[in-house]
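Raw structure_4.txt, compact mmCIF, C-alpha atoms:
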# COMPACT_ATOMS: atom_id res chain seq x y z
CA MET K 82 -19.01 -15.29 11.69
CA THR K 83 -15.91 -13.14 12.07
CA ALA K 84 -13.79 -15.86 10.53
CA ILE K 85 -16.14 -16.26 7.54
CA LEU K 86 -16.13 -12.50 6.92
CA PHE K 87 -12.35 -12.47 7.24
CA TYR K 88 -11.88 -15.15 4.60
CA VAL K 89 -14.41 -13.51 2.24
CA PHE K 90 -12.58 -10.19 2.42
CA ALA K 91 -9.18 -11.88 2.24
CA ALA K 92 -10.22 -13.66 -0.98
CA LEU K 93 -11.53 -10.35 -2.34
CA ALA K 94 -8.26 -8.59 -1.48
CA VAL K 95 -6.09 -11.26 -3.10
CA GLY K 96 -8.31 -11.48 -6.20
CA SER K 97 -8.26 -7.76 -6.81
CA ALA K 98 -4.52 -7.61 -6.08
CA VAL K 99 -4.07 -10.16 -8.88
CA VAL K 100 -6.06 -7.77 -11.10
CA VAL K 101 -3.73 -4.90 -10.08
CA VAL K 102 -0.65 -6.90 -11.04
CA GLY K 103 -2.05 -8.77 -14.04
CA GLN K 104 -3.80 -6.04 -16.01
CA ARG K 105 -2.06 -4.17 -18.81
CA ASN K 106 -4.49 -1.26 -18.67
CA PRO K 107 -3.55 1.00 -15.73
CA ILE K 108 -7.18 2.08 -15.19
CA TYR K 109 -8.18 -1.52 -14.42
CA SER K 110 -5.19 -1.75 -12.10
CA ALA K 111 -6.33 1.39 -10.27
CA PHE K 112 -9.86 0.06 -9.78
CA GLY K 113 -8.48 -3.29 -8.61
CA LEU K 114 -6.35 -1.44 -6.08
CA ILE K 115 -9.39 0.46 -4.79
CA VAL K 116 -11.19 -2.86 -4.18
CA THR K 117 -8.09 -4.26 -2.45
CA LEU K 118 -7.87 -1.21 -0.18
CA CYS K 119 -11.56 -1.40 0.80
CA ALA K 120 -11.29 -5.14 1.52
CA LEU K 121 -8.20 -4.47 3.65
CA SER K 122 -10.13 -1.79 5.52
CA ALA K 123 -12.77 -4.39 6.40
CA ILE K 124 -10.03 -6.75 7.57
CA PHE K 125 -8.55 -4.01 9.78
CA GLY K 126 -12.00 -3.62 11.31
CA LEU K 127 -12.27 -7.38 11.90
CA LEU K 128 -8.87 -7.32 13.62
CA GLY K 129 -10.25 -4.79 16.09
CA SER K 130 -8.81 -1.54 14.69
CA PRO K 131 -11.77 0.71 13.77
CA PHE K 132 -9.68 3.92 13.65
CA ILE K 133 -7.21 2.57 11.09
CA ALA K 134 -10.06 0.97 9.11
CA VAL K 135 -11.77 4.34 8.65
CA LEU K 136 -8.46 6.09 7.96
CA GLN K 137 -7.70 3.50 5.27
CA VAL K 138 -10.90 4.31 3.37
CA VAL K 139 -10.61 8.08 3.79
CA VAL K 140 -6.90 8.51 3.04
CA TYR K 141 -6.05 5.59 0.76
CA ALA K 142 -9.21 4.69 -1.12
CA GLY K 143 -10.36 8.31 -1.05
CA ALA K 144 -7.47 10.73 -1.37
CA ILE K 145 -4.56 8.74 -2.78
CA MET K 146 -6.51 6.71 -5.33
CA VAL K 147 -8.37 9.78 -6.58
CA LEU K 148 -4.96 11.39 -7.10
CA PHE K 149 -3.80 8.31 -9.04
CA LEU K 150 -6.91 8.25 -11.24
CA PHE K 151 -6.64 12.00 -11.79
CA VAL K 152 -3.05 11.70 -13.01
CA LEU K 153 -3.94 8.66 -15.17
CA MET K 154 -6.72 10.60 -16.88
CA LEU K 155 -4.55 13.71 -17.17
CA LEU K 156 -1.71 11.87 -18.91
CA GLY K 157 -3.97 9.76 -21.14
CA VAL K 158 -4.39 6.03 -20.70
CA LYS K 159 -2.53 3.67 -22.98
CA PRO K 160 -2.31 -0.05 -22.18
CA GLU K 161 1.21 -1.47 -22.23
CA ASP K 162 1.96 -2.49 -25.80
CA ARG K 163 4.71 -5.05 -25.23
CA PRO K 164 4.73 -7.83 -22.64
CA SER K 165 7.63 -8.46 -20.30
CA GLY K 166 10.18 -10.99 -21.57
CA GLY K 167 10.11 -14.65 -20.52
CA THR K 168 13.51 -14.51 -18.80
CA LEU K 169 12.47 -11.47 -16.77
CA LYS K 170 9.26 -13.23 -15.77
CA ALA K 171 11.10 -16.34 -14.62
CA VAL K 172 13.67 -14.33 -12.66
CA ALA K 173 10.95 -12.19 -11.05
CA VAL K 174 8.87 -15.22 -10.02
CA ALA K 175 11.94 -16.94 -8.56
CA LEU K 176 12.99 -13.83 -6.61
CA VAL K 177 9.48 -13.25 -5.27
CA ALA K 178 9.11 -16.93 -4.30
CA ALA K 179 12.38 -16.77 -2.37
CA LEU K 180 11.26 -13.56 -0.68
CA GLY K 181 7.88 -15.10 0.15
CA LEU K 182 9.41 -18.22 1.71
CA GLN K 183 11.79 -16.14 3.80
CA MET K 184 9.05 -13.79 4.98
CA GLY K 185 6.66 -16.67 5.64
CA ALA K 186 9.17 -18.38 7.91
CA VAL K 187 9.72 -15.16 9.89
CA LEU K 188 6.05 -14.14 10.12
CA VAL K 189 4.59 -17.51 11.07
CA GLY K 190 7.26 -18.02 13.71
CA ALA K 191 6.52 -14.59 15.21
CA ALA K 192 2.76 -14.95 15.69
CA ARG K 193 1.52 -15.32 19.26
CA PRO K 194 -1.98 -16.06 20.57
CA PRO K 195 -3.85 -12.75 20.89
CA LEU K 196 -4.73 -11.25 24.26
CA ALA K 197 -8.30 -11.45 25.44
CA SER K 198 -8.82 -7.70 25.88
CA PHE K 199 -7.65 -5.31 23.21
CA ASP K 200 -8.78 -1.69 23.04
CA ALA K 201 -7.81 0.11 19.83
CA SER K 202 -10.61 2.67 19.85
CA THR K 203 -9.93 6.14 18.47
CA ARG K 204 -9.58 7.46 22.02
CA ALA K 205 -6.99 4.84 22.99
CA VAL K 206 -4.97 5.32 19.77
CA ALA K 207 -5.06 9.11 20.23
CA HIS K 208 -3.69 8.77 23.77
CA VAL K 209 -0.65 6.89 22.41
CA LEU K 210 -0.28 9.13 19.36
CA PHE K 211 -0.31 12.40 21.34
CA SER K 212 2.00 11.34 24.17
CA ALA K 213 5.74 11.39 24.63
CA PRO K 214 7.66 9.54 21.89
CA TYR K 215 5.15 9.71 19.06
CA LEU K 216 4.12 13.34 19.62
CA TYR K 217 7.43 14.60 18.19
CA VAL K 218 7.10 12.28 15.20
CA PHE K 219 3.59 13.60 14.66
CA GLU K 220 4.87 17.19 14.61
CA ALA K 221 7.69 16.20 12.23
CA THR K 222 5.06 14.65 9.95
CA SER K 223 3.39 18.02 9.49
CA ILE K 224 6.69 19.42 8.19
CA LEU K 225 6.97 16.42 5.86
CA ILE K 226 3.50 17.08 4.47
CA LEU K 227 4.34 20.76 3.93
CA ALA K 228 7.58 19.81 2.14
CA ALA K 229 5.70 17.31 -0.05
CA LEU K 230 3.10 19.97 -0.89
CA VAL K 231 5.70 22.53 -1.95
CA GLY K 232 7.81 19.89 -3.70
CA SER K 233 4.99 18.49 -5.81
CA ILE K 234 3.91 21.97 -6.90
CA VAL K 235 7.48 22.82 -7.94
CA LEU K 236 7.96 19.48 -9.76
CA ALA K 237 4.70 19.50 -11.69
CA ARG K 238 4.88 23.19 -12.62
CA ARG K 239 5.35 24.00 -16.28
CA GLU K 240 8.74 25.57 -16.95
CA PRO K 241 8.28 29.33 -17.35
CA MET X 760 -14.10 -17.89 22.10
CA ARG X 761 -13.13 -15.57 19.28
CA PRO X 762 -11.15 -17.22 16.49
CA ASP X 763 -7.49 -16.32 16.25
CA LEU X 764 -7.25 -14.27 13.06
CA VAL X 765 -3.62 -13.20 13.47
CA PRO X 766 -1.83 -16.05 11.61
CA PRO X 767 -4.19 -15.91 8.58
CA ALA X 768 -3.81 -12.11 8.54
CA LEU X 769 -0.02 -12.49 8.45
CA ILE X 770 -0.30 -14.99 5.58
CA LEU X 771 -2.58 -12.56 3.71
CA SER X 772 -0.07 -9.78 4.29
CA LEU X 773 2.68 -12.01 2.90
CA VAL X 774 0.64 -12.89 -0.22
CA LEU X 775 -0.22 -9.24 -0.92
CA PHE X 776 3.40 -8.15 -0.44
CA ALA X 777 4.64 -10.87 -2.82
CA LEU X 778 2.02 -9.90 -5.43
CA GLY X 779 3.07 -6.25 -5.15
CA ALA X 780 6.75 -7.16 -5.55
CA LEU X 781 5.89 -9.28 -8.60
CA GLY X 782 4.05 -6.33 -10.10
CA VAL X 783 7.03 -4.03 -9.54
CA PHE X 784 9.18 -6.50 -11.51
CA LEU X 785 6.76 -7.29 -14.33
CA ARG X 786 4.81 -4.11 -15.15
CA ARG X 787 6.15 -1.56 -17.62
CA ASN X 788 3.89 1.40 -16.88
CA VAL X 789 5.32 3.79 -14.26
CA ILE X 790 1.94 4.43 -12.64
CA THR X 791 1.12 0.71 -12.39
CA VAL X 792 4.50 0.08 -10.76
CA PHE X 793 3.74 2.91 -8.35
CA MET X 794 0.38 1.33 -7.52
CA CYS X 795 2.12 -2.00 -6.85
CA VAL X 796 4.39 -0.17 -4.36
CA GLU X 797 1.25 1.13 -2.63
CA LEU X 798 -0.01 -2.47 -2.50
CA MET X 799 3.23 -3.52 -0.76
CA LEU X 800 2.85 -0.64 1.74
CA ASN X 801 -0.66 -1.85 2.53
CA ALA X 802 0.53 -5.42 3.05
CA VAL X 803 3.01 -4.10 5.61
CA ASN X 804 0.23 -2.11 7.29
CA LEU X 805 -1.76 -5.33 7.63
CA ALA X 806 1.22 -7.01 9.30
CA PHE X 807 1.51 -4.04 11.70
CA ILE X 808 -2.18 -4.31 12.64
CA ALA X 809 -1.97 -8.08 13.08
CA PHE X 810 1.08 -7.80 15.35
CA SER X 811 -0.56 -4.97 17.28
CA ARG X 812 -3.53 -7.28 17.90
CA SER X 813 -1.25 -10.15 18.80
CA LEU X 814 0.95 -8.22 21.25
CA GLY X 815 -1.83 -6.08 22.71
CA THR X 816 0.06 -2.78 22.24
CA LEU X 817 -1.08 0.24 20.25
CA ASP X 818 2.33 1.12 18.77
CA GLY X 819 1.48 -0.82 15.62
CA GLN X 820 -1.63 1.30 15.12
CA VAL X 821 0.36 4.53 15.51
CA LEU X 822 2.99 3.28 13.06
CA VAL X 823 0.27 2.51 10.50
CA PHE X 824 -0.93 6.09 10.96
CA PHE X 825 2.55 7.37 10.09
CA VAL X 826 2.85 4.98 7.14
CA LEU X 827 -0.43 6.39 5.83
CA THR X 828 0.82 9.99 6.10
CA VAL X 829 4.15 9.20 4.47
CA ALA X 830 2.35 7.25 1.71
CA ALA X 831 0.15 10.27 1.01
CA ALA X 832 3.20 12.55 0.78
CA GLU X 833 5.01 9.99 -1.36
CA ALA X 834 2.06 9.64 -3.75
CA ALA X 835 1.84 13.44 -4.19
CA VAL X 836 5.55 13.86 -4.92
CA GLY X 837 5.79 10.68 -6.99
CA LEU X 838 2.88 11.61 -9.22
CA ALA X 839 4.32 15.12 -9.66
CA ILE X 840 7.60 13.53 -10.80
CA ILE X 841 5.68 11.27 -13.20
CA ILE X 842 3.92 14.31 -14.70
CA ALA X 843 7.28 16.04 -15.16
CA LEU X 844 8.78 12.87 -16.73
CA GLN X 845 5.88 12.45 -19.11
CA ARG X 846 6.21 16.08 -20.20
CA GLY X 847 9.83 15.45 -21.24
CA GLN X 848 9.51 12.01 -22.88
CA ASP X 849 5.83 11.69 -23.86
CA THR X 850 5.70 8.10 -22.62
CA LEU X 851 5.00 6.24 -19.39
CA ASP X 852 7.22 3.24 -20.23
CA LEU X 853 9.77 2.59 -17.50
CA ASP X 854 12.52 1.60 -19.94
CA ALA X 855 12.41 5.06 -21.51
CA PHE X 856 13.60 6.67 -18.30
CA ASN X 857 17.26 5.71 -18.17
CA LEU X 858 18.81 9.13 -17.46
CA LEU X 859 18.84 11.05 -14.21
CA LYS X 860 17.18 14.04 -15.85
CA TRP X 861 14.15 14.94 -17.87

As structure tokens, how would this structure be written, given the file I've shared?
Amino acid sequence: MTAILFYVFAALAVGSAVVVVGQRNPIYSAFGLIVTLCALSAIFGLLGSPFIAVLQVVVYAGAIMVLFLFVLMLLGVKPEDRPSGGTLKAVAVALVAALGLQMGAVLVGAARPPLASFDASTRAVAHVLFSAPYLYVFEATSILILAALVGSIVLARREP
Amino acid sequence: MRPDLVPPALILSLVLFALGALGVFLRRNVITVFMCVELMLNAVNLAFIAFSRSLGTLDGQVLVFFVLTVAAAEAAVGLAIIIALQRGQDTLDLDAFNLLKW
């Protein structure tokens, strides 16, 4: 059952990722990306990570994609009027194929059989997140968020 | 016996990352390229989760948490830059932005 669900959501994720990459209209790309993110959230859940699965929907599919759609609507949506050249396409496909082969060799060689017991509940993740090495990173993250907040306001402000 | 989902998850992560990289090369709209970068970030998150499951440690989960926060900050700043760029050039075509100013 888990395996069937996994493959259903994996097919959904890949199909909508193809929509993201293949569409000329950025709105369709954005909706494809939302479907990809939700399917990935389900896959995180199937891999035994409920905390990250919920975070994925709330932060990515919720906050970040709403921001993307908001900016798309604000700037006005125009589909791309000219396609990419044939040479560029060939070079891009060759580069990505090389990258994929390289990554595939590394990733498949690195996989190990999973352990029988695996506890990634919110409580367990919070214990790791709020203890020694990661606690400082967590505090630094709050400064990063503040800097991003101030920076985006300054950048998007109309010149006085 | 639960099926071992880690190798297929790694393959899925690889496919999504490659698709995102292809989109970064082929798309002309700045926002679409930005969305393809988000797709690549998510593929990496999937690899983190799969390895966390495979190794039985929670460090992968915590790293995904940080990737999510940095991605949120990056999206906010990136979209602000895109708004500023569009104000100067009145286009979203990547080839129009060939100067380090707006």

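Minimum distance to Val774 (chain X) across K:Gly103, K:Pro194, K:Gly181, K:Gly157 (counting only C-alpha atoms) occurs at K:Gly181.
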
Residues of chain K that have any atom at most 6 Å from an atom of chain X: could you tabulate them with the shortest-distance atom pair and the distance in Å to one decimal, using only C-alpha atoms, ordered by chain and increasing number, as a tab-separated table?
residue	atom	partner	partner_atom	distance
K:Val102	CA	X:Gly782	CA	4.8
K:Pro107	CA	X:Thr791	CA	5.7
K:Ala173	CA	X:Phe784	CA	6.0
K:Val177	CA	X:Ala777	CA	5.9
K:Arg193	CA	X:Ser813	CA	5.9
K:Pro195	CA	X:Ser813	CA	4.2
K:Phe199	CA	X:Gly815	CA	5.9
K:Ile226	CA	X:Ala832	CA	5.9
K:Ala229	CA	X:Ala832	CA	5.4
K:Ser233	CA	X:Val836	CA	4.7
K:Leu236	CA	X:Ala839	CA	5.7
K:Ala237	CA	X:Ala839	CA	4.8

Selected residues, C-alpha atoms, written as a tab-separated table (two decimals), keeping the file's coordinate frame, please.
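Produced file selection-v2.tsv, reproduced below:
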chain	number	residue	atom	x	y	z
K	102	VAL	CA	-0.65	-6.90	-11.04
K	107	PRO	CA	-3.55	1.00	-15.73
K	173	ALA	CA	10.95	-12.19	-11.05
K	177	VAL	CA	9.48	-13.25	-5.27
K	193	ARG	CA	1.52	-15.32	19.26
K	195	PRO	CA	-3.85	-12.75	20.89
K	199	PHE	CA	-7.65	-5.31	23.21
K	226	ILE	CA	3.50	17.08	4.47
K	229	ALA	CA	5.70	17.31	-0.05
K	233	SER	CA	4.99	18.49	-5.81
K	236	LEU	CA	7.96	19.48	-9.76
K	237	ALA	CA	4.70	19.50	-11.69

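Relative to CA of Ala94 (chain K), CA of Leu121 (chain K) is found at 6.6 Å.
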
Between CA of Pro131 (chain K) and CA of Thr203 (chain K) - distance in Å to one decimal: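 Calculated distance between CA of Thr203 (chain K) and CA of Pro131 (chain K) is 7.4 Å.
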
Residue among K:Ile234, K:Ala144, K:Val189, K:Leu128 lying closest to Ala201 (chain K), counting only C-alpha atoms: K:Leu128

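CA of Ala207 (chain K) to CA of Leu136 (chain K) spans 13.1 Å [interatomic distance, one decimal].
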
Exercise: Leu118 (chain K) partners within 8 Å, all atoms listed in the file, chain neighbours under 3 positions left out, as a list in words: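 Near neighbours after the sequence-gap exclusion: Ala94, Leu114, Ile115, Leu121, Ser122, Gln137, Val138, Tyr141 and Ala142 of chain K; Asn801 of chain X.
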
Of the listed residues K:Ala98, K:Ala92, K:Leu150, K:Ile85, that which approaches Met799 (chain X) most closely, counting all atoms listed in the file: K:Ala98

Need the axis-aligned box for region 125-135 of chain K with 3 Å each side, so what are the centre and edges in Å to one decimal, as AutoDock Vina command-line options?
--center_x -9.7 --center_y -1.5 --center_z 12.4 --size_x 11.1 --size_y 17.7 --size_z 13.4

Some atoms are absent from region 771-786 of chain X, so rebuild N, CA and C atoms and return them as a PDB file, in the frame of the given file.
ATOM      1  N   LEU X 771      -1.998 -13.457   4.714  1.00  0.00           N
ATOM      2  CA  LEU X 771      -2.580 -12.560   3.710  1.00  0.00           C
ATOM      3  C   LEU X 771      -1.628 -11.417   3.415  1.00  0.00           C
ATOM      4  N   SER X 772      -1.024 -10.862   4.470  1.00  0.00           N
ATOM      5  CA  SER X 772      -0.070  -9.780   4.290  1.00  0.00           C
ATOM      6  C   SER X 772       1.101 -10.232   3.421  1.00  0.00           C
ATOM      7  N   LEU X 773       1.570 -11.452   3.677  1.00  0.00           N
ATOM      8  CA  LEU X 773       2.680 -12.010   2.900  1.00  0.00           C
ATOM      9  C   LEU X 773       2.289 -12.142   1.425  1.00  0.00           C
ATOM     10  N   VAL X 774       1.081 -12.678   1.171  1.00  0.00           N
ATOM     11  CA  VAL X 774       0.640 -12.890  -0.220  1.00  0.00           C
ATOM     12  C   VAL X 774       0.536 -11.550  -0.944  1.00  0.00           C
ATOM     13  N   LEU X 775      -0.056 -10.542  -0.267  1.00  0.00           N
ATOM     14  CA  LEU X 775      -0.220  -9.240  -0.920  1.00  0.00           C
ATOM     15  C   LEU X 775       1.135  -8.598  -1.192  1.00  0.00           C
ATOM     16  N   PHE X 776       2.072  -8.735  -0.237  1.00  0.00           N
ATOM     17  CA  PHE X 776       3.400  -8.150  -0.440  1.00  0.00           C
ATOM     18  C   PHE X 776       4.094  -8.816  -1.623  1.00  0.00           C
ATOM     19  N   ALA X 777       3.986 -10.156  -1.717  1.00  0.00           N
ATOM     20  CA  ALA X 777       4.640 -10.870  -2.820  1.00  0.00           C
ATOM     21  C   ALA X 777       4.018 -10.463  -4.158  1.00  0.00           C
ATOM     22  N   LEU X 778       2.682 -10.316  -4.181  1.00  0.00           N
ATOM     23  CA  LEU X 778       2.020  -9.900  -5.430  1.00  0.00           C
ATOM     24  C   LEU X 778       2.494  -8.503  -5.832  1.00  0.00           C
ATOM     25  N   GLY X 779       2.606  -7.595  -4.850  1.00  0.00           N
ATOM     26  CA  GLY X 779       3.070  -6.250  -5.150  1.00  0.00           C
ATOM     27  C   GLY X 779       4.490  -6.264  -5.695  1.00  0.00           C
ATOM     28  N   ALA X 780       5.363  -7.086  -5.090  1.00  0.00           N
ATOM     29  CA  ALA X 780       6.750  -7.160  -5.550  1.00  0.00           C
ATOM     30  C   ALA X 780       6.802  -7.714  -6.969  1.00  0.00           C
ATOM     31  N   LEU X 781       5.959  -8.720  -7.245  1.00  0.00           N
ATOM     32  CA  LEU X 781       5.890  -9.280  -8.600  1.00  0.00           C
ATOM     33  C   LEU X 781       5.478  -8.215  -9.606  1.00  0.00           C
ATOM     34  N   GLY X 782       4.506  -7.394  -9.214  1.00  0.00           N
ATOM     35  CA  GLY X 782       4.050  -6.330 -10.100  1.00  0.00           C
ATOM     36  C   GLY X 782       5.145  -5.317 -10.367  1.00  0.00           C
ATOM     37  N   VAL X 783       5.942  -4.990  -9.343  1.00  0.00           N
ATOM     38  CA  VAL X 783       7.030  -4.030  -9.540  1.00  0.00           C
ATOM     39  C   VAL X 783       8.019  -4.577 -10.563  1.00  0.00           C
ATOM     40  N   PHE X 784       8.247  -5.925 -10.547  1.00  0.00           N
ATOM     41  CA  PHE X 784       9.180  -6.500 -11.510  1.00  0.00           C
ATOM     42  C   PHE X 784       8.593  -6.567 -12.910  1.00  0.00           C
ATOM     43  N   LEU X 785       7.296  -6.894 -13.028  1.00  0.00           N
ATOM     44  CA  LEU X 785       6.760  -7.290 -14.330  1.00  0.00           C
ATOM     45  C   LEU X 785       6.092  -6.148 -15.103  1.00  0.00           C
ATOM     46  N   ARG X 786       5.546  -5.145 -14.425  1.00  0.00           N
ATOM     47  CA  ARG X 786       4.810  -4.110 -15.150  1.00  0.00           C
ATOM     48  C   ARG X 786       5.766  -3.121 -15.796  1.00  0.00           C
TER      49      ARG X 786
END
